[in-house]
$ cat start-v6.csv   # CSV, C-alpha atoms
chain,number,residue,atom,x,y,z
A,1,MET,CA,0.0,0.0,0.0
A,2,ARG,CA,2.8,2.4,0.9
A,3,THR,CA,4.5,1.6,-2.3
A,4,GLY,CA,1.4,2.5,-4.3
A,5,VAL,CA,0.9,5.8,-2.5
A,6,ALA,CA,4.5,6.7,-2.9
A,7,PHE,CA,4.3,5.9,-6.7
A,8,ILE,CA,1.2,8.1,-7.0
A,9,GLY,CA,3.0,10.9,-5.1
A,10,PHE,CA,6.0,10.5,-7.4
A,11,LEU,CA,3.7,11.0,-10.4
A,12,LEU,CA,2.0,14.0,-8.9
A,13,THR,CA,5.4,15.7,-8.2
A,14,THR,CA,7.2,14.8,-11.5
A,15,GLN,CA,4.7,14.5,-14.3
A,16,ALA,CA,3.8,17.6,-16.3
A,17,PHE,CA,0.1,17.9,-16.7
A,18,ALA,CA,-1.8,20.0,-19.2
A,19,GLN,CA,-3.0,23.2,-17.6
A,20,ALA,CA,-6.3,24.8,-18.6
A,21,GLY,CA,-6.3,28.6,-18.9
A,22,PHE,CA,-2.6,28.9,-19.7
A,23,PRO,CA,-0.8,29.3,-23.0
A,24,PRO,CA,0.9,26.3,-24.6
A,25,PRO,CA,4.6,25.7,-24.0
A,26,PRO,CA,7.0,27.5,-26.3
A,27,PRO,CA,8.0,25.6,-29.4
A,28,LYS,CA,11.5,24.2,-29.8
A,29,VAL,CA,11.9,26.2,-32.9
A,30,SER,CA,9.8,29.4,-33.5
A,31,PRO,CA,7.5,29.3,-36.6
A,32,ALA,CA,9.0,32.8,-37.2
A,33,ALA,CA,12.5,31.3,-37.8
A,34,GLY,CA,13.9,32.5,-41.1
A,35,VAL,CA,11.1,35.1,-41.6
A,36,ILE,CA,11.9,38.6,-42.8
A,37,ASP,CA,9.4,41.1,-41.5
A,38,MET,CA,9.0,43.8,-44.1
A,39,HIS,CA,7.0,46.2,-42.0
A,40,VAL,CA,8.4,47.1,-38.6
A,41,HIS,CA,7.4,50.2,-36.6
A,42,SER,CA,9.5,51.0,-33.5
A,43,HIS,CA,11.0,53.9,-31.5
A,44,PRO,CA,12.4,56.6,-32.0
A,45,ASP,CA,9.1,57.8,-33.5
A,46,VAL,CA,6.4,60.5,-33.3
A,47,PHE,CA,3.7,57.8,-32.8
A,48,GLY,CA,3.3,55.6,-29.8
A,49,ARG,CA,5.5,52.5,-30.1
A,50,ASN,CA,5.9,49.5,-27.7
A,51,MET,CA,9.7,49.0,-28.2
A,52,ASP,CA,12.7,50.5,-29.9
A,53,ASP,CA,14.8,49.4,-32.9
A,54,ILE,CA,17.2,47.5,-30.7
A,55,ASP,CA,14.5,45.8,-28.7
A,56,VAL,CA,12.8,44.5,-31.9
A,57,ALA,CA,16.1,43.3,-33.4
A,58,GLN,CA,17.1,41.4,-30.3
A,59,LEU,CA,13.7,39.8,-29.9
A,60,ALA,CA,13.5,38.9,-33.6
A,61,LYS,CA,17.0,37.4,-33.4
A,62,SER,CA,16.0,35.3,-30.4
A,63,LYS,CA,13.2,33.8,-32.4
A,64,GLY,CA,15.6,32.9,-35.3
A,65,MET,CA,14.2,35.5,-37.7
A,66,ARG,CA,16.4,36.4,-40.6
A,67,GLY,CA,15.7,40.1,-40.8
A,68,ILE,CA,13.5,43.2,-40.2
A,69,LEU,CA,12.8,46.3,-42.2
A,70,LEU,CA,12.4,49.5,-40.1
A,71,LYS,CA,9.7,51.9,-41.3
A,72,ASN,CA,9.1,55.4,-40.0
A,73,HIS,CA,6.5,57.8,-41.5
A,74,VAL,CA,8.5,61.0,-40.9
A,75,ALA,CA,12.3,60.1,-40.9
A,76,GLU,CA,14.7,57.9,-42.9
A,77,THR,CA,15.6,54.6,-41.2
A,78,ALA,CA,18.7,53.6,-43.2
A,79,SER,CA,21.0,55.2,-40.6
A,80,ARG,CA,19.2,53.5,-37.7
A,81,ALA,CA,19.4,50.1,-39.4
A,82,ALA,CA,23.2,50.5,-39.8
A,83,LEU,CA,23.6,51.2,-36.1
A,84,VAL,CA,21.3,48.4,-35.0
A,85,MET,CA,23.3,45.9,-37.1
A,86,LYS,CA,26.4,46.9,-35.0
A,87,VAL,CA,24.6,46.5,-31.7
A,88,VAL,CA,22.7,43.3,-32.6
A,89,PRO,CA,24.9,41.2,-35.0
A,90,GLY,CA,23.5,38.1,-36.6
A,91,ILE,CA,20.3,39.6,-38.0
A,92,GLU,CA,19.7,41.6,-41.2
A,93,VAL,CA,18.3,45.0,-40.5
A,94,TRP,CA,17.1,47.3,-43.3
A,95,GLY,CA,15.7,50.8,-43.6
A,96,GLY,CA,14.4,53.3,-46.1
A,97,VAL,CA,12.5,56.5,-46.4
A,98,VAL,CA,8.7,57.4,-46.6
A,99,LEU,CA,8.0,60.3,-48.9
A,100,ASN,CA,5.8,62.3,-46.6
A,101,LYS,CA,6.1,66.1,-46.1
A,102,ALA,CA,8.8,65.8,-43.4
A,103,VAL,CA,11.3,64.8,-46.1
A,104,GLY,CA,10.0,67.1,-48.7
A,105,GLY,CA,7.2,64.9,-50.1
A,106,ILE,CA,7.8,63.5,-53.5
A,107,ASN,CA,11.5,64.5,-53.2
A,108,PRO,CA,14.2,62.8,-55.3
A,109,ASP,CA,16.9,64.3,-53.1
A,110,ALA,CA,15.5,62.4,-50.1
A,111,VAL,CA,15.8,59.2,-52.0
A,112,GLU,CA,19.3,60.0,-53.3
A,113,TRP,CA,20.7,60.8,-49.8
A,114,MET,CA,18.9,57.9,-48.1
A,115,HIS,CA,20.5,55.2,-50.3
A,116,ARG,CA,23.9,56.8,-49.9
A,117,THR,CA,23.8,56.7,-46.1
A,118,TYR,CA,26.6,54.9,-44.2
A,119,GLY,CA,26.2,51.1,-43.9
A,120,GLY,CA,24.3,50.5,-47.1
A,121,ARG,CA,21.1,49.5,-45.3
A,122,GLY,CA,18.8,51.9,-47.1
A,123,LYS,CA,16.8,49.7,-49.4
A,124,VAL,CA,13.1,50.8,-49.6
A,125,VAL,CA,11.3,53.9,-50.8
A,126,TRP,CA,7.7,54.2,-49.6
A,127,LEU,CA,5.3,56.5,-51.4
A,128,PRO,CA,3.4,58.9,-49.1
A,129,THR,CA,1.4,57.3,-46.3
A,130,PHE,CA,-0.7,59.4,-43.9
A,131,GLU,CA,-0.3,62.5,-46.1
A,132,SER,CA,-1.3,60.9,-49.3
A,133,ASP,CA,-4.4,62.0,-51.1
A,134,LYS,CA,-6.0,58.6,-50.8
A,135,HIS,CA,-5.3,58.4,-47.0
A,136,VAL,CA,-6.7,61.8,-46.1
A,137,LYS,CA,-9.8,61.4,-48.3
A,138,THR,CA,-10.5,58.0,-46.8
A,139,LEU,CA,-9.6,58.6,-43.1
A,140,ALA,CA,-9.9,62.4,-42.7
A,141,LYS,CA,-12.3,64.3,-44.9
A,142,PRO,CA,-13.6,63.3,-48.4
A,143,ASP,CA,-12.8,66.8,-49.7
A,144,ALA,CA,-9.3,66.9,-48.2
A,145,ARG,CA,-6.3,67.1,-50.5
A,146,GLY,CA,-3.1,65.2,-50.0
A,147,LEU,CA,0.1,64.3,-51.8
A,148,VAL,CA,-0.2,62.6,-55.3
A,149,VAL,CA,2.3,60.8,-57.4
A,150,ALA,CA,0.3,60.1,-60.6
A,151,PRO,CA,-2.7,62.3,-61.1
A,152,GLY,CA,-4.8,61.2,-64.0
A,153,GLY,CA,-2.7,58.1,-64.4
A,154,GLN,CA,0.5,60.0,-65.3
A,155,VAL,CA,3.4,60.0,-63.0
A,156,THR,CA,4.7,63.5,-62.0
A,157,PRO,CA,8.2,64.6,-63.1
A,158,GLU,CA,9.4,64.2,-59.5
A,159,MET,CA,7.9,60.7,-59.3
A,160,GLU,CA,9.7,59.8,-62.6
A,161,ALA,CA,13.0,61.0,-61.2
A,162,ILE,CA,12.5,58.9,-58.1
A,163,LEU,CA,11.7,55.8,-60.2
A,164,LYS,CA,14.9,56.3,-62.1
A,165,ILE,CA,16.9,56.4,-58.9
A,166,VAL,CA,15.1,53.3,-57.6
A,167,ALA,CA,15.9,51.5,-60.9
A,168,ARG,CA,19.6,52.6,-60.9
A,169,GLU,CA,20.2,51.5,-57.3
A,170,ASN,CA,18.0,48.4,-57.5
A,171,LEU,CA,15.9,49.6,-54.5
A,172,VAL,CA,12.4,48.5,-53.6
A,173,LEU,CA,9.5,50.8,-54.4
A,174,ALA,CA,6.8,50.4,-51.9
A,175,THR,CA,3.5,52.1,-52.8
A,176,GLY,CA,2.5,53.5,-49.4
A,177,HIS,CA,-1.1,54.8,-49.1
A,178,VAL,CA,-1.7,56.3,-52.6
A,179,HIS,CA,-4.7,55.7,-54.8
A,180,PRO,CA,-5.1,52.4,-56.6
A,181,GLU,CA,-5.0,54.1,-60.0
A,182,GLU,CA,-1.7,55.8,-58.9
A,183,ILE,CA,-0.3,52.4,-57.9
A,184,ILE,CA,-1.0,51.0,-61.3
A,185,ALA,CA,0.5,54.0,-63.1
A,186,VAL,CA,3.6,54.0,-60.9
A,187,VAL,CA,4.2,50.2,-61.4
A,188,ARG,CA,3.7,50.5,-65.2
A,189,ARG,CA,6.0,53.4,-65.6
A,190,GLY,CA,8.6,52.1,-63.1
A,191,ARG,CA,8.7,48.8,-65.0
A,192,GLU,CA,9.4,50.7,-68.2
A,193,LEU,CA,12.2,52.5,-66.5
A,194,GLY,CA,13.8,49.3,-65.2
A,195,VAL,CA,12.5,49.1,-61.6
A,196,LYS,CA,12.5,45.4,-60.6
A,197,ASN,CA,11.1,45.4,-57.1
A,198,PHE,CA,7.6,46.7,-56.2
A,199,LEU,CA,5.9,46.1,-52.9
A,200,ILE,CA,2.2,47.1,-52.8
A,201,THR,CA,1.8,48.3,-49.2
A,202,HIS,CA,-1.0,46.5,-47.4
A,203,GLY,CA,-2.7,46.6,-50.8
A,204,LEU,CA,-6.0,44.9,-50.0
A,205,THR,CA,-7.2,46.9,-47.0
A,206,ASN,CA,-9.2,50.1,-47.5
A,207,VAL,CA,-6.1,52.2,-47.8
A,208,PRO,CA,-5.0,51.9,-50.6
A,209,GLY,CA,-8.0,49.6,-51.4
A,210,LEU,CA,-7.1,47.7,-54.5
A,211,THR,CA,-9.7,45.4,-55.9
A,212,MET,CA,-8.6,41.8,-56.5
A,213,ALA,CA,-8.6,42.6,-60.3
A,214,GLN,CA,-6.3,45.6,-59.7
A,215,ALA,CA,-4.1,43.5,-57.5
A,216,LYS,CA,-3.8,40.8,-60.2
A,217,GLN,CA,-3.0,43.6,-62.7
A,218,VAL,CA,0.0,44.8,-60.8
A,219,VAL,CA,1.1,41.3,-59.8
A,220,ASP,CA,1.1,40.4,-63.5
A,221,MET,CA,3.4,43.4,-64.0
A,222,GLY,CA,5.8,41.9,-61.4
A,223,ALA,CA,4.7,43.6,-58.2
A,224,VAL,CA,4.1,41.8,-54.9
A,225,ILE,CA,1.1,42.5,-52.7
A,226,GLU,CA,1.8,43.0,-49.0
A,227,VAL,CA,-0.8,41.8,-46.4
A,228,CYS,CA,-0.1,42.8,-42.9
A,229,PHE,CA,-1.0,40.9,-39.7
A,230,LEU,CA,-2.1,44.2,-38.2
A,231,GLN,CA,-5.0,44.2,-40.7
A,232,PHE,CA,-6.0,40.7,-39.4
A,233,ARG,CA,-6.9,42.6,-36.2
A,234,ALA,CA,-8.6,45.6,-37.8
A,235,GLY,CA,-12.3,46.3,-38.3
A,236,PRO,CA,-15.2,47.7,-36.2
A,237,ASN,CA,-14.6,45.3,-33.3
A,238,ALA,CA,-10.8,45.9,-33.2
A,239,PRO,CA,-9.3,45.9,-29.7
A,240,LEU,CA,-7.4,49.2,-30.4
A,241,ALA,CA,-9.4,52.3,-31.4
A,242,PHE,CA,-7.2,53.3,-34.3
A,243,LEU,CA,-7.8,49.9,-36.0
A,244,THR,CA,-11.5,50.4,-36.2
A,245,HIS,CA,-10.9,52.8,-39.1
A,246,TRP,CA,-9.3,50.1,-41.2
A,247,THR,CA,-10.9,47.2,-43.1
A,248,GLN,CA,-10.0,43.7,-41.8
A,249,ILE,CA,-8.0,41.6,-44.2
A,250,ASN,CA,-7.4,38.3,-42.4
A,251,ALA,CA,-6.1,34.8,-42.9
A,252,LYS,CA,-9.2,33.8,-44.9
A,253,ASN,CA,-8.6,36.7,-47.3
A,254,VAL,CA,-5.0,35.6,-47.6
A,255,ALA,CA,-6.1,32.1,-48.6
A,256,GLN,CA,-8.3,33.6,-51.2
A,257,ALA,CA,-5.5,35.8,-52.5
A,258,VAL,CA,-3.2,32.8,-52.7
A,259,LYS,CA,-5.7,31.1,-55.0
A,260,THR,CA,-6.1,34.2,-57.2
A,261,LEU,CA,-2.6,35.7,-57.2
A,262,GLY,CA,-0.4,32.8,-56.2
A,263,ALA,CA,2.0,32.9,-53.2
A,264,GLN,CA,4.7,34.4,-55.5
A,265,GLY,CA,2.6,37.5,-55.6
A,266,LEU,CA,2.2,38.0,-51.9
A,267,VAL,CA,4.3,39.1,-48.9
A,268,ILE,CA,3.0,38.7,-45.3
A,269,SER,CA,4.5,41.1,-42.8
A,270,SER,CA,3.5,42.4,-39.3
A,271,ASP,CA,3.0,46.2,-39.4
A,272,LEU,CA,3.2,46.0,-35.6
A,273,GLY,CA,4.9,48.1,-33.0
A,274,GLN,CA,2.0,50.2,-31.8
A,275,THR,CA,1.6,51.0,-28.1
A,276,GLY,CA,-0.8,48.4,-26.6
A,277,ASN,CA,-0.1,45.9,-29.4
A,278,MET,CA,1.8,42.5,-29.3
A,279,THR,CA,5.4,42.2,-30.3
A,280,HIS,CA,6.4,41.8,-33.9
A,281,PRO,CA,7.6,38.2,-33.6
A,282,ASP,CA,4.4,37.2,-31.7
A,283,GLY,CA,2.3,38.7,-34.5
A,284,ILE,CA,4.4,36.7,-37.1
A,285,GLU,CA,3.9,33.5,-35.2
A,286,ILE,CA,0.1,34.1,-34.8
A,287,ALA,CA,-0.2,35.0,-38.5
A,288,ILE,CA,1.4,31.7,-39.5
A,289,ALA,CA,-0.9,29.7,-37.2
A,290,GLU,CA,-4.0,31.4,-38.5
A,291,MET,CA,-3.0,31.0,-42.1
A,292,LYS,CA,-2.3,27.3,-41.6
A,293,ARG,CA,-5.7,26.9,-40.1
A,294,GLU,CA,-7.1,28.3,-43.3
A,295,GLY,CA,-5.3,25.6,-45.3
A,296,ILE,CA,-2.4,27.6,-46.5
A,297,SER,CA,0.6,25.3,-46.9
A,298,ASP,CA,4.0,25.6,-45.3
A,299,GLY,CA,5.5,25.9,-48.7
A,300,ASP,CA,3.3,28.9,-49.6
A,301,ILE,CA,4.0,30.5,-46.2
A,302,ASP,CA,7.7,30.0,-46.8
A,303,ILE,CA,7.4,31.8,-50.2
A,304,MET,CA,5.4,34.7,-48.7
A,305,MET,CA,7.4,35.3,-45.6
A,306,ARG,CA,10.9,34.2,-46.4
A,307,LYS,CA,11.6,33.8,-50.1
A,308,ASN,CA,9.7,36.8,-51.5
A,309,PRO,CA,11.1,39.3,-48.9
A,310,ALA,CA,14.6,37.9,-49.5
A,311,ARG,CA,14.3,38.4,-53.2
A,312,LEU,CA,13.0,42.0,-52.8
A,313,LEU,CA,16.0,42.8,-50.6
A,314,GLY,CA,18.5,41.2,-52.9
A,315,LEU,CA,19.3,38.3,-50.5
A,316,SER,CA,20.0,34.7,-51.5
A,317,ASN,CA,17.2,32.3,-50.8
$ encode --input "start-v6.csv" --output "structure tokens"
Amino acid sequence: MRTGVAFIGFLLTTQAFAQAGFPPPPPKVSPAAGVIDMHVHSHPDVFGRNMDDIDVAQLAKSKGMRGILLKNHVAETASRAALVMKVVPGIEVWGGVVLNKAVGGINPDAVEWMHRTYGGRGKVVWLPTFESDKHVKTLAKPDARGLVVAPGGQVTPEMEAILKIVARENLVLATGHVHPEEIIAVVRRGRELGVKNFLITHGLTNVPGLTMAQAKQVVDMGAVIEVCFLQFRAGPNAPLAFLTHWTQINAKNVAQAVKTLGAQGLVISSDLGQTGNMTHPDGIEIAIAEMKREGISDGDIDIMMRKNPARLLGLSN
């Protein structure tokens, strides 16, 4: 009898039992391993962020991620990326510039100086975001006027000059928050000028709001449509107030996009970093889990989160 009691006591003290109401144990290898997050917000910034550049890089490295791309709406991030690479070796960190008014708007000089910045980490040029005409008309006032890059379907001289720099330096042209018609015009003209890498910034949510037909049109011209995990959590019931202004594009929408556009035409990134939100690697891990539940294969996830970002940034697969 004592032996039996002792054995039960041994089991109770040594066996790991499943616990209700707690998260699962961490995986031996993070699902985010090898992923390049093409849309990372972090401090220093003018908007509320939950961690700084170094925090993000350290956490991403600890998860085995291959790289991160720092994005800031008002300042270039090429210089920051170069410094972070020195502080956190062993992970690729990239930067770029968003063409909002703080850098002169549609300003070729801002692009020229960004890509020349020490360290060679400046790789991406985003078209205007919160100051674009599409953004202010959609999220501010319908009669507001913002920055444009291709009114009437014709790129402006300044935009043409920027496309020539992007082509010459083999940079990535990300389309920001401009109108769908402008995106199509910029991709078409950029392709004529020799631009090889186009990333259509969260293309399927309400800003910019491409239809699937428009998305297919630009993918057929060589562009890649970005879908951000942040938009998985958007919509009228979003947990954070600012996300209620955005249309939800979730894993089910990604599954539909894979069928229509193919995984080669998509990139999945986080767009995280906001105060009150989860960390970037956590978002990447959750995005992968939700996409797998929708039947998206590991192979397609690998293309959308590892291979396509690597190709855009000029890294070997």
$ closest_residue --input "start-v6.csv" --among "A:Arg116, A:Arg49, A:Arg121, A:Lys71" --to "Leu83 of chain A" --atoms "only C-alpha atoms"
A:Arg121
$ closest_atom_pairs --input "start-v6.csv" --of "segment 34-126 of chain A" --to "segment 279-295 of chain A" --cutoff "12 Å" --atoms "all atoms listed in the file" --output "Markdown table"
| residue | atom | partner | partner_atom | distance |
| --- | --- | --- | --- | --- |
| A:Gly34 | CA | A:Ile284 | CA | 11.1 |
| A:Val35 | CA | A:Ile284 | CA | 8.2 |
| A:Ile36 | CA | A:Ile284 | CA | 9.6 |
| A:Asp37 | CA | A:Ile284 | CA | 8.0 |
| A:Met38 | CA | A:His280 | CA | 10.7 |
| A:His39 | CA | A:His280 | CA | 9.2 |
| A:Val40 | CA | A:His280 | CA | 7.4 |
| A:His41 | CA | A:His280 | CA | 8.9 |
| A:Ser42 | CA | A:His280 | CA | 9.7 |
| A:Arg49 | CA | A:Thr279 | CA | 10.3 |
| A:Asn50 | CA | A:Thr279 | CA | 7.8 |
| A:Met51 | CA | A:Thr279 | CA | 8.3 |
| A:Asp52 | CA | A:Thr279 | CA | 11.1 |
| A:Asp53 | CA | A:His280 | CA | 11.4 |
| A:Asp55 | CA | A:Thr279 | CA | 9.9 |
| A:Val56 | CA | A:His280 | CA | 7.2 |
| A:Ala57 | CA | A:His280 | CA | 9.8 |
| A:Gln58 | CA | A:Pro281 | CA | 10.6 |
| A:Leu59 | CA | A:Pro281 | CA | 7.3 |
| A:Ala60 | CA | A:Pro281 | CA | 5.9 |
| A:Lys61 | CA | A:Pro281 | CA | 9.4 |
| A:Ser62 | CA | A:Pro281 | CA | 9.4 |
| A:Lys63 | CA | A:Pro281 | CA | 7.2 |
| A:Gly64 | CA | A:Pro281 | CA | 9.7 |
| A:Met65 | CA | A:Pro281 | CA | 8.2 |
| A:Arg66 | CA | A:Pro281 | CA | 11.4 |
| A:Gly67 | CA | A:Pro281 | CA | 11.0 |
| A:Ile68 | CA | A:His280 | CA | 9.6 |
| A:Leu69 | CA | A:His280 | CA | 11.4 |
| A:Leu70 | CA | A:His280 | CA | 11.6 |
$ closest_residue --input "start-v6.csv" --among "A:Glu182, A:Asp302, A:Glu131, A:Glu226" --to "Lys101 of chain A" --atoms "only C-alpha atoms"
A:Glu131
$ closest_residue --input "start-v6.csv" --among "A:Ser79, A:Asn100, A:Ser30, A:Thr247" --to "Leu230 of chain A" --atoms "all atoms listed in the file"
A:Thr247
$ residues_around --input "start-v6.csv" --residues "Asp109 of chain A" --least-positions-apart "3" --cutoff "12 Å" --atoms "all atoms listed in the file" --output "PyMOL selection string"
chain A and resi 97+99+103-106+112-116+158-159+161-162+165
$ decode --input "start-v6.csv" --residues "segment 168-186 of chain A" --atoms "N, CA and C atoms" --output "CSV table (one decimal), in the first residue's frame"
chain,number,residue,atom,x,y,z
A,168,ARG,N,18.1,52.6,-60.9
A,168,ARG,CA,19.6,52.6,-60.9
A,168,ARG,C,20.2,51.9,-59.8
A,169,GLU,N,19.7,52.1,-58.6
A,169,GLU,CA,20.2,51.5,-57.3
A,169,GLU,C,19.6,50.2,-56.9
A,170,ASN,N,18.7,49.7,-57.7
A,170,ASN,CA,18.0,48.4,-57.5
A,170,ASN,C,17.4,48.4,-56.1
A,171,LEU,N,16.7,49.5,-55.8
A,171,LEU,CA,15.9,49.6,-54.5
A,171,LEU,C,14.6,49.0,-54.7
A,172,VAL,N,13.8,49.0,-53.6
A,172,VAL,CA,12.4,48.5,-53.6
A,172,VAL,C,11.5,49.7,-53.5
A,173,LEU,N,10.5,49.8,-54.4
A,173,LEU,CA,9.5,50.8,-54.4
A,173,LEU,C,8.3,50.3,-53.8
A,174,ALA,N,8.0,50.8,-52.6
A,174,ALA,CA,6.8,50.4,-51.9
A,174,ALA,C,5.8,51.5,-52.0
A,175,THR,N,4.5,51.1,-52.2
A,175,THR,CA,3.5,52.1,-52.8
A,175,THR,C,2.8,52.9,-51.7
A,176,GLY,N,3.1,52.7,-50.4
A,176,GLY,CA,2.5,53.5,-49.4
A,176,GLY,C,0.9,53.5,-49.4
A,177,HIS,N,0.3,54.7,-49.2
A,177,HIS,CA,-1.1,54.8,-49.1
A,177,HIS,C,-1.7,55.6,-50.3
A,178,VAL,N,-1.1,55.5,-51.5
A,178,VAL,CA,-1.7,56.3,-52.6
A,178,VAL,C,-2.9,55.6,-53.2
A,179,HIS,N,-3.6,56.3,-54.1
A,179,HIS,CA,-4.7,55.7,-54.8
A,179,HIS,C,-4.4,54.5,-55.6
A,180,PRO,N,-5.3,53.5,-55.8
A,180,PRO,CA,-5.1,52.4,-56.6
A,180,PRO,C,-4.6,52.7,-58.0
A,181,GLU,N,-5.3,53.7,-58.6
A,181,GLU,CA,-5.0,54.1,-60.0
A,181,GLU,C,-3.5,54.7,-60.0
A,182,GLU,N,-3.1,55.3,-59.0
A,182,GLU,CA,-1.7,55.8,-58.9
A,182,GLU,C,-0.7,54.6,-58.8
A,183,ILE,N,-1.1,53.6,-58.0
A,183,ILE,CA,-0.3,52.4,-57.9
A,183,ILE,C,0.0,51.8,-59.3
A,184,ILE,N,-1.1,51.6,-60.0
A,184,ILE,CA,-1.0,51.0,-61.3
A,184,ILE,C,-0.1,51.8,-62.2
A,185,ALA,N,-0.3,53.1,-62.2
A,185,ALA,CA,0.5,54.0,-63.1
A,185,ALA,C,2.0,54.0,-62.7
A,186,VAL,N,2.2,54.0,-61.4
A,186,VAL,CA,3.6,54.0,-60.9
A,186,VAL,C,4.3,52.6,-61.3
